[in-house]
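A.B. asks: The structure file entry_35.cif (mmCIF, C-alpha atoms) is provided below.
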```cif
data_query
loop_
_atom_site.label_atom_id
_atom_site.label_comp_id
_atom_site.auth_asym_id
_atom_site.auth_seq_id
_atom_site.Cartn_x
_atom_site.Cartn_y
_atom_site.Cartn_z
CA MET A 1 228.61 174.65 146.87
CA LEU A 2 226.68 172.10 148.93
CA PRO A 3 227.92 168.50 148.76
CA VAL A 4 225.67 165.67 147.62
CA VAL A 5 225.88 162.12 148.99
CA LEU A 6 224.84 159.31 146.65
CA LEU A 7 224.14 155.88 148.14
CA ALA A 8 225.53 153.42 145.59
CA GLY A 9 226.44 150.32 147.56
CA GLY A 10 223.38 148.05 147.51
CA PHE A 11 223.19 144.63 145.88
CA GLY A 12 220.22 145.42 143.61
CA THR A 13 218.92 141.86 143.90
CA ARG A 14 215.52 142.62 142.32
CA LEU A 15 217.33 143.73 139.16
CA SER A 16 219.63 140.70 139.04
CA GLU A 17 219.32 140.46 135.24
CA GLU A 18 221.58 143.53 135.16
CA THR A 19 223.28 143.61 138.55
CA ALA A 20 224.93 140.20 138.28
CA LEU A 21 227.62 141.97 136.25
CA LYS A 22 227.45 145.59 137.42
CA PRO A 23 226.16 147.62 140.37
CA LYS A 24 222.68 149.03 139.92
CA PRO A 25 223.86 152.68 139.72
CA LEU A 26 225.75 151.75 136.52
CA VAL A 27 222.70 150.24 134.80
CA GLU A 28 222.19 152.40 131.73
CA ILE A 29 219.22 154.47 130.66
CA GLY A 30 219.67 155.93 127.20
CA GLY A 31 223.28 154.78 127.07
CA ARG A 32 224.32 156.45 130.35
CA PRO A 33 224.36 155.05 133.90
CA ILE A 34 221.37 156.07 135.96
CA LEU A 35 223.88 157.44 138.48
CA CYS A 36 224.98 160.03 135.92
CA HIS A 37 221.38 161.04 135.23
CA ILE A 38 220.99 161.73 138.96
CA MET A 39 224.25 163.68 139.14
CA GLU A 40 223.31 165.74 136.11
CA HIS A 41 220.06 166.72 137.84
CA TYR A 42 221.96 168.09 140.85
CA SER A 43 224.52 169.71 138.56
CA ARG A 44 221.80 171.75 136.81
CA TYR A 45 221.19 173.43 140.17
CA GLY A 46 224.87 174.21 140.65
CA MET A 47 225.70 171.27 142.93
CA LYS A 48 228.75 169.55 141.50
CA GLU A 49 230.55 167.95 144.45
CA PHE A 50 229.53 164.35 145.08
CA TYR A 51 230.37 161.74 147.69
CA VAL A 52 229.54 158.33 146.24
CA ALA A 53 229.15 155.70 148.98
CA LEU A 54 230.36 152.46 147.43
CA GLY A 55 229.72 148.84 148.37
CA TYR A 56 228.71 146.04 146.00
CA LYS A 57 230.95 146.10 142.91
CA GLY A 58 232.28 149.48 143.94
CA ASP A 59 235.40 148.86 141.85
CA CYS A 60 233.21 149.07 138.72
CA ILE A 61 232.03 152.55 139.70
CA LYS A 62 235.62 153.58 140.42
CA GLN A 63 236.74 152.34 137.01
CA TYR A 64 233.87 154.18 135.32
CA PHE A 65 234.86 157.53 136.79
CA LEU A 66 238.58 156.93 136.32
CA ASN A 67 237.88 156.46 132.60
CA TYR A 68 235.20 159.15 132.43
CA PRO A 69 237.48 162.00 131.23
CA TYR A 70 238.63 159.88 128.29
CA LEU A 71 235.24 158.38 127.45
CA GLN A 72 233.65 161.83 127.29
CA SER A 73 236.42 163.48 125.26
CA ASP A 74 238.52 163.34 122.12
CA VAL A 75 241.92 161.87 122.96
CA THR A 76 245.30 161.43 121.32
CA VAL A 77 247.31 158.36 122.30
CA ARG A 78 251.07 158.52 121.70
CA LEU A 79 251.90 154.83 121.81
CA GLY A 80 255.67 155.22 121.58
CA GLU A 81 255.74 157.64 124.51
CA GLY A 82 253.01 155.97 126.54
CA GLN A 83 251.06 159.26 126.77
CA VAL A 84 247.35 160.00 126.56
CA GLN A 85 246.25 163.56 125.86
CA VAL A 86 242.71 164.91 126.07
CA THR A 87 242.34 167.15 123.03
CA GLU A 88 238.72 168.24 123.48
CA SER A 89 236.81 167.64 126.67
CA ARG A 90 233.03 167.24 126.67
CA GLY A 91 232.80 165.87 130.18
CA SER A 92 231.25 167.38 133.30
CA ASP A 93 233.07 169.61 135.75
CA TRP A 94 232.16 167.52 138.77
CA THR A 95 234.25 166.64 141.81
CA VAL A 96 233.52 163.00 142.63
CA HIS A 97 234.72 161.48 145.90
CA LEU A 98 234.52 157.69 145.63
CA ARG A 99 234.42 156.19 149.13
CA ASP A 100 234.34 152.49 150.05
CA THR A 101 231.69 152.16 152.76
CA GLY A 102 231.54 148.38 153.13
CA LEU A 103 229.84 145.52 151.38
CA HIS A 104 227.11 144.81 153.94
CA THR A 105 226.81 148.28 155.48
CA THR A 106 223.27 149.65 155.87
CA THR A 107 222.08 152.94 154.36
CA GLY A 108 222.58 154.86 157.59
CA GLY A 109 225.88 153.09 158.10
CA ARG A 110 227.15 154.34 154.76
CA LEU A 111 226.35 157.89 155.83
CA TYR A 112 228.07 157.15 159.16
CA ARG A 113 231.24 156.22 157.26
CA LEU A 114 231.21 159.67 155.61
CA ARG A 115 230.48 161.66 158.77
CA ASP A 116 233.92 163.28 159.06
CA GLN A 117 233.61 164.82 155.58
CA LEU A 118 230.09 166.17 156.15
CA ARG A 119 230.38 168.06 159.42
CA GLY A 120 230.74 171.51 157.89
CA ASP A 121 227.37 172.55 156.42
CA THR A 122 224.04 171.50 155.00
CA PHE A 123 224.32 168.57 152.61
CA LEU A 124 222.00 166.66 150.29
CA MET A 125 221.60 162.93 149.86
CA THR A 126 219.73 160.50 147.65
CA TYR A 127 219.75 156.93 146.44
CA GLY A 128 221.65 155.83 143.34
CA ASP A 129 218.64 154.39 141.51
CA GLY A 130 215.91 157.03 141.40
CA VAL A 131 215.28 159.93 139.01
CA SER A 132 212.90 162.82 139.51
CA SER A 133 211.94 166.27 138.32
CA VAL A 134 212.06 167.62 141.89
CA ASN A 135 212.97 171.31 142.04
CA LEU A 136 216.08 171.23 144.22
CA ARG A 137 216.09 174.95 144.82
CA ALA A 138 212.51 174.85 146.09
CA LEU A 139 213.47 171.86 148.23
CA LEU A 140 216.37 173.77 149.79
CA ASP A 141 214.31 176.90 150.38
CA TYR A 142 211.62 174.79 152.05
CA HIS A 143 214.21 173.02 154.22
CA TYR A 144 215.70 176.29 155.46
CA ALA A 145 212.26 177.76 156.12
CA GLN A 146 211.25 174.76 158.26
CA GLY A 147 214.34 175.00 160.46
CA LYS A 148 214.56 171.23 161.00
CA LEU A 149 217.59 168.95 160.96
CA ALA A 150 216.25 166.95 158.02
CA THR A 151 213.86 167.20 155.09
CA VAL A 152 212.71 164.21 153.06
CA THR A 153 211.10 164.50 149.64
CA ALA A 154 207.71 162.80 149.77
CA VAL A 155 206.41 161.39 146.47
CA ARG A 156 203.42 159.45 145.22
CA PRO A 157 204.53 156.33 143.34
CA ARG A 158 203.20 155.55 139.91
CA GLY A 159 200.33 153.06 139.86
CA ARG A 160 201.50 149.60 138.82
CA PHE A 161 198.36 148.65 136.94
CA GLY A 162 196.36 150.51 134.33
CA THR A 163 192.61 150.90 134.32
CA LEU A 164 190.17 149.91 131.58
CA THR A 165 186.91 151.57 130.58
CA PHE A 166 184.10 149.66 128.85
CA GLU A 167 180.99 149.96 126.78
CA GLY A 168 179.32 146.64 127.29
CA GLU A 169 182.02 144.07 126.62
CA ARG A 170 184.07 146.40 124.43
CA VAL A 171 187.13 148.16 125.85
CA THR A 172 186.91 151.88 125.08
CA GLY A 173 189.97 153.17 126.88
CA PHE A 174 193.09 152.46 128.90
CA LYS A 175 195.12 154.72 131.13
CA GLU A 176 197.81 154.40 133.76
CA LYS A 177 196.48 154.08 137.27
CA GLU A 178 196.56 157.39 139.10
CA PRO A 179 198.46 157.38 142.42
CA ALA A 180 196.29 157.76 145.47
CA GLU A 181 196.53 161.18 147.09
CA GLU A 182 197.29 159.71 150.50
CA SER A 183 200.02 157.30 149.40
CA TRP A 184 203.08 159.45 150.11
CA ILE A 185 206.37 157.56 150.41
CA ASN A 186 210.03 158.37 150.99
CA GLY A 187 211.37 159.43 147.59
CA GLY A 188 214.92 160.19 148.71
CA PHE A 189 216.30 163.61 147.72
CA PHE A 190 217.02 164.52 151.33
CA VAL A 191 218.45 167.70 152.81
CA PHE A 192 220.36 167.21 156.05
CA GLU A 193 222.00 169.46 158.59
CA PRO A 194 225.22 168.15 160.19
CA GLY A 195 223.27 167.45 163.38
CA VAL A 196 221.71 164.44 161.65
CA LEU A 197 225.12 162.75 161.86
CA ASP A 198 224.73 162.57 165.65
CA TYR A 199 221.84 160.14 165.12
CA LEU A 200 224.18 157.62 163.45
CA GLU A 201 225.88 155.05 165.64
CA ASP A 202 227.69 152.50 163.47
CA ASP A 203 227.64 150.50 160.22
CA ARG A 204 224.36 148.83 161.20
CA THR A 205 222.35 152.03 161.64
CA GLU A 206 219.26 151.93 159.45
CA LEU A 207 218.42 155.30 157.91
CA GLU A 208 214.85 154.66 156.82
CA GLY A 209 213.30 153.24 159.98
CA GLU A 210 215.71 154.00 162.78
CA VAL A 211 217.15 157.44 162.01
CA LEU A 212 214.17 158.98 160.23
CA GLY A 213 211.89 157.58 162.91
CA ARG A 214 213.91 159.19 165.69
CA LEU A 215 214.09 162.48 163.82
CA ALA A 216 210.31 162.42 163.39
CA ARG A 217 209.75 161.70 167.09
CA ASP A 218 212.08 164.58 167.97
CA GLY A 219 210.16 166.95 165.70
CA GLN A 220 213.20 167.34 163.44
CA LEU A 221 211.92 165.85 160.16
CA ALA A 222 210.07 167.88 157.54
CA ALA A 223 208.49 166.57 154.32
CA PHE A 224 208.68 168.34 150.99
CA LYS A 225 205.75 167.09 148.89
CA HIS A 226 206.77 166.62 145.27
CA ARG A 227 203.83 166.09 142.94
CA GLY A 228 205.84 165.82 139.75
CA PHE A 229 207.73 162.96 138.17
CA TRP A 230 209.57 160.41 140.30
CA GLU A 231 210.61 156.86 139.48
CA CYS A 232 212.79 154.30 141.22
CA MET A 233 214.54 151.71 139.04
CA ASP A 234 213.94 148.69 141.24
CA THR A 235 213.14 145.99 138.67
CA LEU A 236 213.70 145.22 134.99
CA ARG A 237 210.17 146.47 134.35
CA ASP A 238 211.13 149.85 135.84
CA LYS A 239 214.27 150.00 133.68
CA ARG A 240 212.24 149.35 130.54
CA TYR A 241 209.76 152.05 131.54
CA LEU A 242 212.57 154.59 131.97
CA GLU A 243 214.05 153.55 128.62
CA GLU A 244 210.67 154.18 126.97
CA LEU A 245 210.54 157.63 128.52
CA TRP A 246 214.07 158.36 127.31
CA ASP A 247 213.27 157.16 123.79
CA SER A 248 210.26 159.47 123.70
CA GLY A 249 212.68 162.39 123.41
CA SER A 250 211.30 164.19 126.48
CA PRO A 251 212.32 162.26 129.60
CA PRO A 252 210.42 163.94 132.46
CA TRP A 253 213.41 164.01 134.83
CA ILE A 254 215.27 166.41 132.50
CA VAL A 255 214.39 169.91 133.68
CA GLU A 256 215.04 173.16 131.84
CA GLU A 257 218.70 173.91 132.48
CA GLY A 258 218.37 177.67 132.45
CA ALA A 259 215.51 177.67 134.95
CA ALA A 260 217.19 175.17 137.24
CA ALA A 261 220.55 176.88 137.24
CA ALA A 262 219.17 180.33 138.05
CA VAL A 263 220.06 181.28 141.60
CA ALA A 264 218.63 184.50 143.01
CA ALA A 265 220.85 186.91 144.88
CA GLY A 266 220.47 187.26 148.60
CA ARG A 267 220.92 185.31 151.81
CA GLU A 268 219.50 181.99 150.63
CA ALA A 269 221.62 182.01 147.47
CA ALA A 270 224.72 182.71 149.53
CA ARG A 271 224.09 179.57 151.59
CA TRP A 272 224.51 177.48 148.44
CA SER A 273 228.06 178.64 147.73
#
```
Show how you would write the structure in this file as structure tokens.

C.D. replies:
Amino acid sequence: MLPVVLLAGGFGTRLSEETALKPKPLVEIGGRPILCHIMEHYSRYGMKEFYVALGYKGDCIKQYFLNYPYLQSDVTVRLGEGQVQVTESRGSDWTVHLRDTGLHTTTGGRLYRLRDQLRGDTFLMTYGDGVSSVNLRALLDYHYAQGKLATVTAVRPRGRFGTLTFEGERVTGFKEKEPAEESWINGGFFVFEPGVLDYLEDDRTELEGEVLGRLARDGQLAAFKHRGFWECMDTLRDKRYLEELWDSGSPPWIVEEGAAAAVAAGREAARWS
């Protein structure tokens, strides 16, 4: 089972309406923290061990997972004996390592703080505020085929403004702006080999510009182009958009569980276990 690192320590200042009281990864979509939506996506592909890199209001994330077994289950509380018993569990079978990585640590610095736990094998990493329909098995197969130290998932962000069509002065149609074919950006959902850890120096190491830039110059960074759904919850507008998608009954980041969980036999499948 390959471990997954989740960066969950940022201040989330552009979503201050929510993050004044909680860290952004705990902001809820459909009644569940966006962090859990991300973890469920990985879990559908058989990846159930997570390292959560904490920072701003990390105690809130710790408290959430400490209470998670009870919140997701039926419980019996024996008040006289001071005992709590889980009578029927409906929670997830995840292993969640909650690691304090500093309040002002950069993204690369948070990974640097986890380096001793990640030396063994390939690992995955993403941010704690973005959901996607990316096929993680295809991503891993692509990464292994490229033979690089790192693979980043490239995505095309949703257009921020819709377009209107007219007949004279009358509006005849409206549709969301299509993303430009050339506007590929870093969508997270990385795959890293342990050698990437040698590019990290300290808490101030920037992942996005410094580390990825050096990997690219060294010919060690591949890009997996994902043309499906991807959305980062950066602002209140983004949160509302994700809530609308959830309320539609078919949120596009929920993939078919049977298809996602299927792992073919052979050498590549063995590398996952």

A.B. asks: Would you write out, as a tab-separated table, a table of all residues in stretch 14-64 of chain A that have an atom no more than 8 Å from an atom of stretch 223-245 of chain A, listing for each the closest atom pair and the distance in Å to one decimal, considering all atoms listed in the file and ordering rows by chain and rising residue number?

C.D. replies:
```
residue	atom	partner	partner_atom	distance
A:Arg14	CA	A:Thr235	CA	5.5
A:Leu15	CA	A:Thr235	CA	4.8
A:Glu17	CA	A:Leu236	CA	7.4
A:Ile29	CA	A:Glu243	CA	5.6
A:Gly30	CA	A:Glu243	CA	6.3
```

A.B. asks: On this file, the PyMOL selection byres ((chain A and resi 104-115) around 10) gives some set of residues; write that set as a ChimeraX atom specification.

C.D. replies: /A:5-11,51-56,99-103,116-120,125,127,194,196-212

A.B. asks: Would you save the residues from that selection as a short mmCIF file (atom, residue, chain, number, x, y, z; two decimals), in the coordinates of the input, using C-alpha atoms?

C.D. replies:
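Output file selection34.cif is given in full below:
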```
data_model
loop_
_atom_site.label_atom_id
_atom_site.label_comp_id
_atom_site.auth_asym_id
_atom_site.auth_seq_id
_atom_site.Cartn_x
_atom_site.Cartn_y
_atom_site.Cartn_z
CA VAL A 5 225.88 162.12 148.99
CA LEU A 6 224.84 159.31 146.65
CA LEU A 7 224.14 155.88 148.14
CA ALA A 8 225.53 153.42 145.59
CA GLY A 9 226.44 150.32 147.56
CA GLY A 10 223.38 148.05 147.51
CA PHE A 11 223.19 144.63 145.88
CA TYR A 51 230.37 161.74 147.69
CA VAL A 52 229.54 158.33 146.24
CA ALA A 53 229.15 155.70 148.98
CA LEU A 54 230.36 152.46 147.43
CA GLY A 55 229.72 148.84 148.37
CA TYR A 56 228.71 146.04 146.00
CA ARG A 99 234.42 156.19 149.13
CA ASP A 100 234.34 152.49 150.05
CA THR A 101 231.69 152.16 152.76
CA GLY A 102 231.54 148.38 153.13
CA LEU A 103 229.84 145.52 151.38
CA ASP A 116 233.92 163.28 159.06
CA GLN A 117 233.61 164.82 155.58
CA LEU A 118 230.09 166.17 156.15
CA ARG A 119 230.38 168.06 159.42
CA GLY A 120 230.74 171.51 157.89
CA MET A 125 221.60 162.93 149.86
CA TYR A 127 219.75 156.93 146.44
CA PRO A 194 225.22 168.15 160.19
CA VAL A 196 221.71 164.44 161.65
CA LEU A 197 225.12 162.75 161.86
CA ASP A 198 224.73 162.57 165.65
CA TYR A 199 221.84 160.14 165.12
CA LEU A 200 224.18 157.62 163.45
CA GLU A 201 225.88 155.05 165.64
CA ASP A 202 227.69 152.50 163.47
CA ASP A 203 227.64 150.50 160.22
CA ARG A 204 224.36 148.83 161.20
CA THR A 205 222.35 152.03 161.64
CA GLU A 206 219.26 151.93 159.45
CA LEU A 207 218.42 155.30 157.91
CA GLU A 208 214.85 154.66 156.82
CA GLY A 209 213.30 153.24 159.98
CA GLU A 210 215.71 154.00 162.78
CA VAL A 211 217.15 157.44 162.01
CA LEU A 212 214.17 158.98 160.23
#
```

A.B. asks: Name the residues that the PyMOL selection byres ((chain A and resi 88) around 10) picks from the file above, as a VMD selection string, using the file's chain letters and numbers.

C.D. replies: chain A and resid 70 72 to 76 85 to 87 89 to 91

A.B. asks: Measuring between all atoms listed in the file, which one of A:Val84, A:Ala154, A:Ile38, A:Val27 shows the shortest distance to A:Gly187?

C.D. replies: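 Closest candidate: A:Ala154.
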
A.B. asks: In Å, how far is it from atom CA of A:Ser92 to atom CA of A:Gly128?

C.D. replies: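 Here the two named atoms are 18.1 Å from each other.
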
A.B. asks: Rounded to one decimal, what separation in Å do you get between atom CA of A:Phe123 and atom CA of A:Tyr68?

C.D. replies: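 The value is 24.8 Å.
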
A.B. asks: Counting only C-alpha atoms, figure out which residue out of A:Thr122, A:Leu136, A:Ile254, A:Val4 gets nearest to A:Tyr45.

C.D. replies: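 Between A:Thr122, A:Leu136, A:Ile254, A:Val4, the residue approaching A:Tyr45 most closely is A:Leu136.
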
A.B. asks: Go ahead and compute the interatomic distance for atom CA of A:Glu193 and atom CA of A:Thr95, in Å to one decimal.

C.D. replies: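 Taking atom CA of A:Glu193 and atom CA of A:Thr95, their separation equals 21.0 Å.
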
A.B. asks: Taking into account all atoms listed in the file, which residue in the set A:Asn186, A:Lys22, A:Ile34, A:Gly46 is nearest to A:Gln63?

C.D. replies: A:Lys22

A.B. asks: Write out as JSON, numbers by chain which residues come within 7 Å of A:Met47 when counting only C-alpha atoms, dropping same-chain ones fewer than 3 positions away.

C.D. replies: {"A": [1, 2, 3, 42, 43]}

A.B. asks: Please determine, counting all atoms listed in the file, which residue among A:Ala150, A:Val255, A:Val134, A:Leu124 has the shortest atom-to-atom distance to A:Glu49.

C.D. replies: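 Distance minimum relative to A:Glu49 lands on A:Leu124.
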
A.B. asks: With the PyMOL selection byres ((chain A and resi 21) around 12) as the selection, what would be picked from this file? Answer as a ChimeraX atom specification, please.

C.D. replies: /A:11-13,15-20,22-27,56-61

A.B. asks: Write a file of the selected residues as a PDB file, in the coordinates of the input, keeping C-alpha atoms.

C.D. replies:
```
ATOM      1  CA  PHE A  11     223.190 144.630 145.880  1.00  0.00           C
ATOM      2  CA  GLY A  12     220.220 145.420 143.610  1.00  0.00           C
ATOM      3  CA  THR A  13     218.920 141.860 143.900  1.00  0.00           C
ATOM      4  CA  LEU A  15     217.330 143.730 139.160  1.00  0.00           C
ATOM      5  CA  SER A  16     219.630 140.700 139.040  1.00  0.00           C
ATOM      6  CA  GLU A  17     219.320 140.460 135.240  1.00  0.00           C
ATOM      7  CA  GLU A  18     221.580 143.530 135.160  1.00  0.00           C
ATOM      8  CA  THR A  19     223.280 143.610 138.550  1.00  0.00           C
ATOM      9  CA  ALA A  20     224.930 140.200 138.280  1.00  0.00           C
ATOM     10  CA  LYS A  22     227.450 145.590 137.420  1.00  0.00           C
ATOM     11  CA  PRO A  23     226.160 147.620 140.370  1.00  0.00           C
ATOM     12  CA  LYS A  24     222.680 149.030 139.920  1.00  0.00           C
ATOM     13  CA  PRO A  25     223.860 152.680 139.720  1.00  0.00           C
ATOM     14  CA  LEU A  26     225.750 151.750 136.520  1.00  0.00           C
ATOM     15  CA  VAL A  27     222.700 150.240 134.800  1.00  0.00           C
ATOM     16  CA  TYR A  56     228.710 146.040 146.000  1.00  0.00           C
ATOM     17  CA  LYS A  57     230.950 146.100 142.910  1.00  0.00           C
ATOM     18  CA  GLY A  58     232.280 149.480 143.940  1.00  0.00           C
ATOM     19  CA  ASP A  59     235.400 148.860 141.850  1.00  0.00           C
ATOM     20  CA  CYS A  60     233.210 149.070 138.720  1.00  0.00           C
ATOM     21  CA  ILE A  61     232.030 152.550 139.700  1.00  0.00           C
TER      22      ILE A  61
END
```

A.B. asks: Which of these, A:Gly82, A:Gly130, A:Pro69, A:Gly219, has the shortest distance to A:His37 once you count all atoms listed in the file?

C.D. replies: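 That would be A:Gly130, the residue with the smallest distance to A:His37.
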
A.B. asks: Out of A:Ile185, A:Val191, A:Leu35, A:Val96, which residue has the shortest atom-to-atom distance to A:Tyr142 when counting all atoms listed in the file?

C.D. replies: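 Going through A:Ile185, A:Val191, A:Leu35, A:Val96 one by one, the smallest distance to A:Tyr142 is for A:Val191.
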